[in-house]
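Student: Next comes entry04.cif, mmCIF, C-alpha atoms and all ligand atoms:
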data_input
loop_
_atom_site.group_PDB
_atom_site.id
_atom_site.type_symbol
_atom_site.label_atom_id
_atom_site.label_comp_id
_atom_site.auth_asym_id
_atom_site.auth_seq_id
_atom_site.Cartn_x
_atom_site.Cartn_y
_atom_site.Cartn_z
ATOM 1 C CA MET A 1 -32.960 22.519 6.369
ATOM 2 C CA GLN A 2 -29.341 23.695 6.644
ATOM 3 C CA GLU A 3 -28.468 20.394 8.234
ATOM 4 C CA TYR A 4 -30.205 18.589 5.399
ATOM 5 C CA LEU A 5 -28.115 20.486 2.842
ATOM 6 C CA GLN A 6 -24.967 19.647 4.772
ATOM 7 C CA ASN A 7 -25.901 15.990 4.483
ATOM 8 C CA VAL A 8 -26.522 16.380 0.764
ATOM 9 C CA HIS A 9 -23.069 17.997 0.588
ATOM 10 C CA LYS A 10 -21.538 15.003 2.307
ATOM 11 C CA TYR A 11 -23.414 12.556 0.113
ATOM 12 C CA VAL A 12 -22.367 14.285 -3.077
ATOM 13 C CA ALA A 13 -18.761 14.379 -1.845
ATOM 14 C CA PHE A 14 -19.058 10.694 -1.071
ATOM 15 C CA CYS A 15 -20.077 10.097 -4.664
ATOM 16 C CA GLY A 16 -16.641 11.331 -5.680
ATOM 17 C CA LEU A 17 -17.716 14.570 -7.348
ATOM 18 C CA GLY A 18 -15.246 17.413 -7.437
ATOM 19 C CA ARG A 19 -15.660 20.585 -5.409
ATOM 20 C CA TYR A 20 -16.793 22.628 -8.398
ATOM 21 C CA ASN A 21 -19.593 20.173 -9.292
ATOM 22 C CA ARG A 22 -20.543 19.912 -5.661
ATOM 23 C CA GLU A 23 -20.910 23.666 -5.293
ATOM 24 C CA TYR A 24 -22.971 23.762 -8.468
ATOM 25 C CA ILE A 25 -25.375 21.073 -7.277
ATOM 26 C CA ILE A 26 -25.762 22.585 -3.808
ATOM 27 C CA GLU A 27 -26.255 26.075 -5.239
ATOM 28 C CA ASN A 28 -29.075 24.836 -7.447
ATOM 29 C CA LEU A 29 -30.642 22.758 -4.723
ATOM 30 C CA MET A 30 -30.741 25.843 -2.517
ATOM 31 C CA ARG A 31 -32.324 27.812 -5.289
ATOM 32 C CA VAL A 32 -34.971 25.098 -5.748
ATOM 33 C CA VAL A 33 -35.910 25.122 -2.073
ATOM 34 C CA GLY A 34 -35.879 28.915 -1.922
ATOM 35 C CA LEU A 35 -32.939 29.254 0.416
ATOM 36 C CA ASP A 36 -30.382 31.966 -0.028
ATOM 37 C CA ARG A 37 -26.682 31.434 0.917
ATOM 38 C CA LYS A 38 -27.397 32.476 4.501
ATOM 39 C CA GLY A 39 -30.107 29.878 4.737
ATOM 40 C CA SER A 40 -33.236 32.037 5.179
ATOM 41 C CA MET A 41 -36.437 30.612 3.689
ATOM 42 C CA LYS A 42 -38.615 32.554 1.330
ATOM 43 C CA PHE A 43 -41.427 30.027 1.101
ATOM 44 C CA THR A 44 -44.586 29.496 3.149
ATOM 45 C CA LYS A 45 -44.953 26.640 5.594
ATOM 46 C CA LYS A 46 -47.139 24.675 3.174
ATOM 47 C CA TRP A 47 -44.473 24.938 0.454
ATOM 48 C CA LYS A 48 -41.770 23.948 2.903
ATOM 49 C CA THR A 49 -43.628 20.719 3.607
ATOM 50 C CA TYR A 50 -43.961 19.972 -0.111
ATOM 51 C CA ILE A 51 -40.293 20.697 -0.716
ATOM 52 C CA ALA A 52 -39.065 18.690 2.252
ATOM 53 C CA THR A 53 -41.168 15.700 1.143
ATOM 54 C CA GLY A 54 -39.844 16.023 -2.401
ATOM 55 C CA LEU A 55 -36.257 16.177 -1.193
ATOM 56 C CA ILE A 56 -36.670 13.113 0.966
ATOM 57 C CA ILE A 57 -38.072 11.170 -1.997
ATOM 58 C CA ALA A 58 -35.244 12.446 -4.185
ATOM 59 C CA SER A 59 -32.656 11.347 -1.598
ATOM 60 C CA PHE A 60 -34.057 7.841 -1.611
ATOM 61 C CA GLY A 61 -33.777 7.848 -5.383
ATOM 62 C CA MET A 62 -30.126 8.917 -5.174
ATOM 63 C CA LEU A 63 -29.394 6.261 -2.586
ATOM 64 C CA ALA A 64 -31.107 3.556 -4.626
ATOM 65 C CA ALA A 65 -29.190 4.550 -7.731
ATOM 66 C CA GLY A 66 -25.999 4.580 -5.664
ATOM 67 C CA CYS A 67 -22.913 6.325 -6.870
ATOM 68 C CA GLY A 68 -23.094 4.708 -10.274
ATOM 69 C CA SER A 69 -20.480 6.857 -11.903
ATOM 70 C CA SER A 70 -17.943 6.762 -9.124
ATOM 71 C CA SER A 71 -14.833 4.680 -9.339
ATOM 72 C CA GLY A 72 -11.596 3.956 -7.537
ATOM 73 C CA SER A 73 -11.315 4.859 -3.905
ATOM 74 C CA ALA A 74 -14.715 6.495 -3.634
ATOM 75 C CA ASP A 75 -16.465 3.244 -4.422
ATOM 76 C CA THR A 76 -16.886 2.190 -0.830
ATOM 77 C CA ASP A 77 -19.200 -0.703 -1.667
ATOM 78 C CA LYS A 78 -16.475 -2.795 -3.226
ATOM 79 C CA PRO A 79 -13.725 -4.276 -1.090
ATOM 80 C CA LEU A 80 -10.200 -3.071 -1.768
ATOM 81 C CA ILE A 81 -8.416 -6.033 -3.361
ATOM 82 C CA VAL A 82 -4.827 -6.046 -2.150
ATOM 83 C CA GLY A 83 -2.183 -8.323 -3.625
ATOM 84 C CA THR A 84 0.726 -9.508 -1.515
ATOM 85 C CA ASN A 85 3.364 -12.217 -1.456
ATOM 86 C CA ALA A 86 3.086 -13.409 2.114
ATOM 87 C CA THR A 87 6.608 -14.778 2.559
ATOM 88 C CA PHE A 88 8.339 -11.558 3.577
ATOM 89 C CA VAL A 89 8.549 -11.515 7.364
ATOM 90 C CA PRO A 90 7.880 -9.167 9.195
ATOM 91 C CA PHE A 91 6.025 -7.330 6.407
ATOM 92 C CA GLU A 92 3.653 -10.049 5.274
ATOM 93 C CA SER A 93 3.368 -13.734 6.095
ATOM 94 C CA LYS A 94 0.825 -16.329 7.053
ATOM 95 C CA ASP A 95 0.473 -17.040 10.758
ATOM 96 C CA ASP A 96 1.186 -20.767 11.188
ATOM 97 C CA LYS A 97 -1.517 -21.218 13.803
ATOM 98 C CA THR A 98 -4.347 -19.040 12.522
ATOM 99 C CA GLN A 99 -3.512 -19.100 8.791
ATOM 100 C CA GLN A 100 -4.277 -15.370 8.847
ATOM 101 C CA LEU A 101 -2.055 -12.855 7.100
ATOM 102 C CA THR A 102 0.051 -10.858 9.495
ATOM 103 C CA GLY A 103 2.764 -8.192 9.349
ATOM 104 C CA PHE A 104 3.562 -4.505 9.127
ATOM 105 C CA ASP A 105 2.128 -4.136 5.611
ATOM 106 C CA ILE A 106 -1.045 -6.004 6.582
ATOM 107 C CA ASP A 107 -1.637 -3.662 9.550
ATOM 108 C CA MET A 108 -0.876 -0.649 7.364
ATOM 109 C CA VAL A 109 -3.345 -1.751 4.681
ATOM 110 C CA ASN A 110 -6.068 -2.420 7.242
ATOM 111 C CA ALA A 111 -5.558 1.051 8.735
ATOM 112 C CA ILE A 112 -5.617 2.691 5.291
ATOM 113 C CA ALA A 113 -8.794 0.809 4.382
ATOM 114 C CA GLN A 114 -10.465 2.189 7.512
ATOM 115 C CA HIS A 115 -9.645 5.705 6.342
ATOM 116 C CA LEU A 116 -11.116 4.838 2.952
ATOM 117 C CA HIS A 117 -14.214 3.243 4.552
ATOM 118 C CA ARG A 118 -13.583 0.087 2.570
ATOM 119 C CA LYS A 119 -13.284 -3.561 3.429
ATOM 120 C CA VAL A 120 -10.096 -5.344 2.403
ATOM 121 C CA GLU A 121 -9.641 -8.606 0.578
ATOM 122 C CA PHE A 122 -6.069 -9.888 0.343
ATOM 123 C CA LYS A 123 -4.820 -12.027 -2.522
ATOM 124 C CA ASN A 124 -1.658 -13.999 -1.865
ATOM 125 C CA VAL A 125 0.269 -14.218 -5.139
ATOM 126 C CA THR A 126 3.888 -14.478 -6.307
ATOM 127 C CA PHE A 127 5.893 -11.259 -6.033
ATOM 128 C CA ASP A 128 6.652 -11.005 -9.744
ATOM 129 C CA SER A 129 2.950 -11.277 -10.658
ATOM 130 C CA LEU A 130 1.915 -8.244 -8.572
ATOM 131 C CA ILE A 131 2.559 -5.572 -11.214
ATOM 132 C CA PRO A 132 0.902 -7.575 -14.035
ATOM 133 C CA SER A 133 -2.104 -8.207 -11.721
ATOM 134 C CA LEU A 134 -2.456 -4.451 -11.146
ATOM 135 C CA ASN A 135 -2.494 -3.795 -14.846
ATOM 136 C CA THR A 136 -5.126 -6.478 -15.498
ATOM 137 C CA HIS A 137 -7.152 -5.116 -12.523
ATOM 138 C CA ASP A 138 -7.137 -8.425 -10.669
ATOM 139 C CA ILE A 139 -5.953 -6.394 -7.693
ATOM 140 C CA ASP A 140 -6.434 -2.703 -6.765
ATOM 141 C CA MET A 141 -3.219 -2.315 -4.811
ATOM 142 C CA ALA A 142 -0.013 -4.224 -4.096
ATOM 143 C CA ALA A 143 1.338 -4.231 -0.552
ATOM 144 C CA SER A 144 4.383 -6.427 -0.518
ATOM 145 C CA GLY A 145 7.440 -4.584 0.746
ATOM 146 C CA MET A 146 7.732 -3.249 -2.770
ATOM 147 C CA THR A 147 10.588 -0.858 -3.402
ATOM 148 C CA ILE A 148 9.744 2.232 -5.418
ATOM 149 C CA THR A 149 12.035 2.019 -8.457
ATOM 150 C CA PRO A 150 12.051 4.126 -11.636
ATOM 151 C CA GLU A 151 11.482 0.959 -13.744
ATOM 152 C CA ARG A 152 8.394 -0.026 -11.763
ATOM 153 C CA ALA A 153 7.159 3.562 -11.682
ATOM 154 C CA GLN A 154 6.884 3.412 -15.465
ATOM 155 C CA LYS A 155 4.320 0.619 -15.142
ATOM 156 C CA VAL A 156 2.404 1.521 -11.971
ATOM 157 C CA LEU A 157 1.671 4.409 -9.609
ATOM 158 C CA PHE A 158 3.180 4.389 -6.148
ATOM 159 C CA SER A 159 1.903 5.827 -2.897
ATOM 160 C CA MET A 160 4.254 8.060 -0.938
ATOM 161 C CA PRO A 161 7.020 6.090 0.840
ATOM 162 C CA TYR A 162 5.861 4.316 4.001
ATOM 163 C CA TYR A 163 9.034 2.417 4.924
ATOM 164 C CA GLN A 164 12.757 3.037 4.467
ATOM 165 C CA SER A 165 14.710 -0.084 3.608
ATOM 166 C CA GLY A 166 18.081 -1.169 2.274
ATOM 167 C CA MET A 167 19.721 -4.266 0.906
ATOM 168 C CA ALA A 168 21.611 -6.884 2.901
ATOM 169 C CA ILE A 169 23.843 -9.824 2.170
ATOM 170 C CA MET A 170 23.035 -12.879 4.237
ATOM 171 C CA VAL A 171 25.694 -15.545 4.610
ATOM 172 C CA LYS A 172 26.524 -18.464 6.896
ATOM 173 C CA ASP A 173 28.234 -17.518 10.184
ATOM 174 C CA ASN A 174 31.513 -19.080 9.052
ATOM 175 C CA SER A 175 31.457 -17.644 5.503
ATOM 176 C CA PRO A 176 34.616 -15.845 4.297
ATOM 177 C CA ILE A 177 32.426 -13.346 2.352
ATOM 178 C CA LYS A 178 32.689 -9.886 3.902
ATOM 179 C CA ASN A 179 31.223 -7.581 1.277
ATOM 180 C CA TYR A 180 29.361 -7.227 -2.018
ATOM 181 C CA GLU A 181 32.545 -7.395 -4.140
ATOM 182 C CA GLU A 182 33.373 -10.806 -2.719
ATOM 183 C CA LEU A 183 30.138 -12.222 -4.114
ATOM 184 C CA ALA A 184 31.776 -12.433 -7.561
ATOM 185 C CA GLY A 185 31.558 -15.963 -8.944
ATOM 186 C CA LYS A 186 29.391 -17.150 -6.045
ATOM 187 C CA THR A 187 25.919 -18.722 -5.974
ATOM 188 C CA ILE A 188 23.309 -16.192 -4.834
ATOM 189 C CA ALA A 189 19.706 -17.012 -3.890
ATOM 190 C CA VAL A 190 17.083 -14.293 -4.410
ATOM 191 C CA GLN A 191 13.373 -13.638 -4.726
ATOM 192 C CA LEU A 192 12.285 -13.565 -8.379
ATOM 193 C CA GLY A 193 11.571 -10.018 -9.579
ATOM 194 C CA SER A 194 13.001 -8.340 -6.474
ATOM 195 C CA THR A 195 15.553 -5.553 -6.175
ATOM 196 C CA GLY A 196 17.829 -8.215 -4.647
ATOM 197 C CA ALA A 197 17.565 -10.192 -7.905
ATOM 198 C CA THR A 198 18.458 -7.092 -9.959
ATOM 199 C CA LEU A 199 21.516 -6.490 -7.782
ATOM 200 C CA ALA A 200 22.558 -10.162 -7.955
ATOM 201 C CA HIS A 201 22.510 -10.099 -11.766
ATOM 202 C CA LYS A 202 25.114 -7.312 -11.705
ATOM 203 C CA ILE A 203 27.678 -9.451 -9.854
ATOM 204 C CA PRO A 204 30.382 -10.715 -12.228
ATOM 205 C CA GLY A 205 30.341 -14.483 -12.692
ATOM 206 C CA ALA A 206 27.633 -15.076 -10.094
ATOM 207 C CA GLN A 207 25.153 -17.908 -10.456
ATOM 208 C CA VAL A 208 21.769 -16.471 -9.511
ATOM 209 C CA LYS A 209 19.104 -18.842 -8.168
ATOM 210 C CA GLU A 210 15.660 -17.217 -8.283
ATOM 211 C CA PHE A 211 12.743 -18.331 -6.132
ATOM 212 C CA ASN A 212 9.081 -17.396 -6.197
ATOM 213 C CA HIS A 213 9.054 -16.837 -2.443
ATOM 214 C CA SER A 214 11.597 -15.050 -0.221
ATOM 215 C CA ASN A 215 11.513 -17.795 2.390
ATOM 216 C CA GLU A 216 12.606 -20.330 -0.255
ATOM 217 C CA ALA A 217 15.699 -18.213 -1.002
ATOM 218 C CA LEU A 218 16.495 -18.080 2.720
ATOM 219 C CA LEU A 219 16.041 -21.862 3.007
ATOM 220 C CA GLU A 220 18.432 -22.394 0.104
ATOM 221 C CA LEU A 221 21.181 -20.680 2.090
ATOM 222 C CA GLN A 222 20.286 -22.655 5.189
ATOM 223 C CA ASN A 223 20.450 -25.925 3.211
ATOM 224 C CA GLY A 224 23.817 -25.080 1.675
ATOM 225 C CA GLY A 225 22.477 -24.589 -1.873
ATOM 226 C CA ALA A 226 23.702 -20.983 -2.032
ATOM 227 C CA ASP A 227 26.661 -18.979 -0.707
ATOM 228 C CA ALA A 228 24.563 -15.893 0.001
ATOM 229 C CA VAL A 229 21.102 -14.330 -0.188
ATOM 230 C CA LEU A 230 20.486 -10.760 -1.318
ATOM 231 C CA VAL A 231 17.400 -9.561 0.501
ATOM 232 C CA ASP A 232 16.017 -6.473 2.241
ATOM 233 C CA LEU A 233 17.895 -5.657 5.463
ATOM 234 C CA PRO A 234 14.879 -5.775 7.832
ATOM 235 C CA VAL A 235 13.865 -9.199 6.499
ATOM 236 C CA ALA A 236 17.417 -10.547 6.895
ATOM 237 C CA GLN A 237 17.679 -9.126 10.414
ATOM 238 C CA TYR A 238 14.345 -10.557 11.453
ATOM 239 C CA TYR A 239 15.228 -13.969 10.029
ATOM 240 C CA VAL A 240 18.602 -14.173 11.788
ATOM 241 C CA ALA A 241 17.095 -13.052 15.098
ATOM 242 C CA HIS A 242 14.386 -15.721 14.910
ATOM 243 C CA HIS A 243 16.412 -18.613 13.425
ATOM 244 C CA LYS A 244 19.503 -18.764 15.644
ATOM 245 C CA GLU A 245 19.809 -22.482 14.885
ATOM 246 C CA SER A 246 20.595 -21.806 11.218
ATOM 247 C CA HIS A 247 23.823 -19.899 12.051
ATOM 248 C CA GLU A 248 23.652 -17.052 9.598
ATOM 249 C CA LYS A 249 24.769 -13.454 9.718
ATOM 250 C CA VAL A 250 23.760 -10.215 8.031
ATOM 251 C CA ILE A 251 26.095 -7.857 6.197
ATOM 252 C CA PRO A 252 24.276 -4.566 5.475
ATOM 253 C CA TYR A 253 24.963 -3.305 1.965
ATOM 254 C CA ALA A 254 25.462 0.382 2.616
ATOM 255 C CA ASN A 255 25.149 1.473 -0.998
ATOM 256 C CA THR A 256 21.406 1.089 -1.089
ATOM 257 C CA LYS A 257 18.566 3.225 0.159
ATOM 258 C CA GLU A 258 15.153 1.961 -0.794
ATOM 259 C CA TYR A 259 11.660 3.133 0.030
ATOM 260 C CA PHE A 260 8.628 0.894 0.045
ATOM 261 C CA GLY A 261 5.432 2.170 -1.526
ATOM 262 C CA PHE A 262 2.002 0.710 -2.183
ATOM 263 C CA ALA A 263 1.612 0.103 -5.912
ATOM 264 C CA ILE A 264 -1.591 1.064 -7.736
ATOM 265 C CA ALA A 265 -2.682 0.719 -11.383
ATOM 266 C CA LYS A 266 -1.667 3.597 -13.647
ATOM 267 C CA ASN A 267 -5.264 4.452 -14.447
ATOM 268 C CA ASN A 268 -6.343 4.765 -10.813
ATOM 269 C CA PRO A 269 -4.884 8.077 -9.604
ATOM 270 C CA GLU A 270 -8.003 8.506 -7.407
ATOM 271 C CA LEU A 271 -6.922 5.555 -5.296
ATOM 272 C CA GLN A 272 -3.334 6.827 -5.169
ATOM 273 C CA LYS A 273 -4.617 10.186 -3.911
ATOM 274 C CA ALA A 274 -6.885 8.584 -1.309
ATOM 275 C CA VAL A 275 -4.082 6.311 -0.045
ATOM 276 C CA ASN A 276 -1.684 9.259 0.187
ATOM 277 C CA GLU A 277 -4.270 11.247 2.121
ATOM 278 C CA ALA A 278 -4.709 8.338 4.513
ATOM 279 C CA LEU A 279 -0.920 8.011 4.934
ATOM 280 C CA THR A 280 -0.577 11.744 5.580
ATOM 281 C CA GLU A 281 -3.259 11.513 8.274
ATOM 282 C CA MET A 282 -1.616 8.435 9.775
ATOM 283 C CA LYS A 283 1.752 10.194 9.908
ATOM 284 C CA LYS A 284 0.187 13.238 11.533
ATOM 285 C CA ASP A 285 -1.914 11.487 14.168
ATOM 286 C CA GLY A 286 0.770 8.945 15.131
ATOM 287 C CA GLU A 287 -1.049 5.883 13.792
ATOM 288 C CA LEU A 288 1.780 5.006 11.394
ATOM 289 C CA ASN A 289 4.292 5.312 14.211
ATOM 290 C CA LYS A 290 2.186 3.043 16.419
ATOM 291 C CA ILE A 291 2.150 0.302 13.776
ATOM 292 C CA TYR A 292 5.874 0.869 13.126
ATOM 293 C CA GLN A 293 6.627 0.534 16.860
ATOM 294 C CA LYS A 294 4.607 -2.685 17.055
ATOM 295 C CA TRP A 295 6.759 -4.388 14.402
ATOM 296 C CA PHE A 296 10.176 -2.721 14.681
ATOM 297 C CA HIS A 297 10.237 -1.465 18.289
ATOM 298 C CA VAL A 298 11.610 1.942 17.290
ATOM 299 C CA ASP A 299 10.066 5.171 16.008
ATOM 300 C CA ALA A 300 9.405 5.504 12.295
ATOM 301 C CA PRO A 301 12.056 7.659 10.605
ATOM 302 C CA ASP A 302 11.207 10.785 8.628
ATOM 303 C CA MET A 303 10.514 9.851 5.038
ATOM 304 C CA PRO A 304 10.242 11.952 1.899
ATOM 305 C CA ILE A 305 6.701 12.719 0.715
ATOM 306 C CA GLN A 306 7.679 11.977 -2.832
ATOM 307 C CA TRP A 307 10.124 9.418 -4.155
ATOM 308 C CA PRO A 308 12.160 9.707 -6.336
ATOM 309 C CA GLU A 309 12.543 13.257 -5.000
ATOM 310 C CA SER A 310 13.464 14.785 -8.356
ATOM 311 C CA LYS A 311 10.104 13.878 -9.921
HETATM 312 N N1 LIG B 401 11.879 -4.692 -1.547
HETATM 313 C C1 LIG B 401 12.206 -5.689 -2.505
HETATM 314 C C2 LIG B 401 11.643 -5.344 -3.855
HETATM 315 O O1 LIG B 401 10.813 -4.516 -3.969
HETATM 316 C C3 LIG B 401 11.763 -7.083 -2.104
HETATM 317 C C4 LIG B 401 10.310 -7.233 -1.966
HETATM 318 C C5 LIG B 401 9.854 -8.633 -1.695
HETATM 319 O O2 LIG B 401 10.607 -9.581 -1.921
HETATM 320 N N2 LIG B 401 8.659 -8.791 -1.228
HETATM 321 O O3 LIG B 401 12.002 -5.915 -4.815
#
Spell out the structure here as C-alpha cells.
Tutor:
Amino acid sequence: MQEYLQNVHKYVAFCGLGRYNREYIIENLMRVVGLDRKGSMKFTKKWKTYIATGLIIASFGMLAAGCGSSSGSADTDKPLIVGTNATFVPFESKDDKTQQLTGFDIDMVNAIAQHLHRKVEFKNVTFDSLIPSLNTHDIDMAASGMTITPERAQKVLFSMPYYQSGMAIMVKDNSPIKNYEELAGKTIAVQLGSTGATLAHKIPGAQVKEFNHSNEALLELQNGGADAVLVDLPVAQYYVAHHKESHEKVIPYANTKEYFGFAIAKNNPELQKAVNEALTEMKKDGELNKIYQKWFHVDAPDMPIQWPESK
C-alpha cells in the first residue's frame, strides 16, 4: 500500500501539481484508505480488498483523463517544438548528406528534452522570426545561438546561460582592416536581427547588408560583396578553419561578452524552470561538458547562473 501511495505521489507530481496540493491529496487519500502517516492499516482484510480495488479503478480513471489541466513542461504528451535557424555552424545546421539538423544547440536540446521526458520537433525558420514565433506559440522554445540581451528579455524569457560567446570581425586575408574603428564607411554583411547587425548599425557611415541566414552573410564576404562580416566569434573561427580556400581571417572584438540562452514565451515560466533544472543537472553530472567537448574540444567555462547578473 505504501508503494501504491508513492506511485500516486509520483503521478500527481507528474501532473504538474505543486507540493502543497500534492500533500493535500495524499493526506486525504491516506485518510480514505485508513492509513496513518506511518502507514499502519486500521481496516479489516475485506475492507482492504474493497479499497485496493476502488483505488485501482480510480487510477485508471485518472490515467484516462490524463493531466488535463497541466501545461508547459509537464505536458509530456506533446512534443517540445523548438525553433532554430540552421545556418549557424557549429551550433545548428543541416547535414548535407543526411539532411538532419546537427550542432551543439541540437545536442543540447535533445539532452534537455530527455530530462523533460518529451520528444522534440525542430522548426527551421529565419532568425528574426524566432521571437515572434514564441509569442504566437508556433514554437515552445528557440535554440539558435541566441544572445541574452536586455531588449530581447523584455519580449521573452531566457534559460540560464549555456554558452559564452563574443563578437568577431571577419575580413579577407589581405584586408587592411585591423579593428572595429576601421569599419567606418565600409560595407558590412550581417545576419538580420542578430547582435552583429545591431553592432554594425552603430558604425559611422557603414553600409549594412542584412541577410536572413548567417551563411549568406559569410558568402557575401567570400564573393567580394562586403568588406567585413560581424558575427559570433565561434562561428567565424569555425568557418575560417573549414574554408581555407576562401582566404579569410578573424579579428576578435574584445569589447563584447555575450551569453547564449534558450528563449521561451513570456507566459511559460514552467518551461523556463524545467529547462533550467535540466541545465543545472547537466552541469552537475558533466553532460553539458561532454557535449561542449564534442563540438569545441575544450572544457566548458564557468558561466553565471543568471544573466544579466544584476537582475
Ligand atoms: N548570437 C547572435 C545573436 O543572438 C547571433 C545568432 C545567430 O545568428 N543565430 O544575435
Student: Which protein, DNA or RNA residues have an atom within 6 Å of ligand LIG 401 (chain B), counting all atoms listed in the file, as a VMD selection string?
Tutor: chain A and resid 88 144 to 147 191 194 to 195 214 232
Student: I want to know what sits within 9 Å of Leu221 of chain A, based on all atoms listed in the file, with residues of the same chain fewer than 6 positions away left out; could you give that as an NGL selection string?
Tutor: :A and (170-172 or 188-189 or 227-229 or 248)
Student: In Å, with one decimal, what is the gap from atom CA of Gln272 of chain A to atom CA of His115 of chain A?
Tutor: 13.2 Å
Student: Which is closer to Lys244 of chain A than all the others in A:Glu121, A:Asp138, A:Glu220, A:Asp173, using all atoms listed in the file?
Tutor: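 The answer is A:Asp173, which sits nearest to Lys244 of chain A.
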Student: Can you translate the PyMOL selection byres (((chain A and resi 258) around 7) and not hetatm) into the concrete residues it hits in this file, as a list in words?
Tutor: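 When the PyMOL selection byres (((chain A and resi 258) around 7) and not hetatm) is applied, the selected residues are Thr147, Gln164, Ser165, Gly166, Thr256, Lys257, Tyr259 and Phe260 of chain A.
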Student: Please save C-alpha atoms of the selected residues as a compact mmCIF listing (two decimals), in the frame of the given file.
Tutor:
# COMPACT_ATOMS: atom_id res chain seq x y z
CA THR A 147 10.59 -0.86 -3.40
CA GLN A 164 12.76 3.04 4.47
CA SER A 165 14.71 -0.08 3.61
CA GLY A 166 18.08 -1.17 2.27
CA THR A 256 21.41 1.09 -1.09
CA LYS A 257 18.57 3.22 0.16
CA TYR A 259 11.66 3.13 0.03
CA PHE A 260 8.63 0.89 0.04
Student: List the spatial neighbours of Asn110 of chain A as a PyMOL selection string - criterion: any atom at most 10 Å away, all atoms listed in the file, same-chain residues fewer than 3 positions off excluded.
Tutor: chain A and resi 80+105-107+113-116+118-121
Student: Pull C-alpha atoms from the residues just selected and write them as a CSV table (one decimal), in the frame of the given file.
Tutor:
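Result saved to part26.csv:
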chain,number,residue,atom,x,y,z
A,80,LEU,CA,-10.2,-3.1,-1.8
A,105,ASP,CA,2.1,-4.1,5.6
A,106,ILE,CA,-1.0,-6.0,6.6
A,107,ASP,CA,-1.6,-3.7,9.6
A,113,ALA,CA,-8.8,0.8,4.4
A,114,GLN,CA,-10.5,2.2,7.5
A,115,HIS,CA,-9.6,5.7,6.3
A,116,LEU,CA,-11.1,4.8,3.0
A,118,ARG,CA,-13.6,0.1,2.6
A,119,LYS,CA,-13.3,-3.6,3.4
A,120,VAL,CA,-10.1,-5.3,2.4
A,121,GLU,CA,-9.6,-8.6,0.6
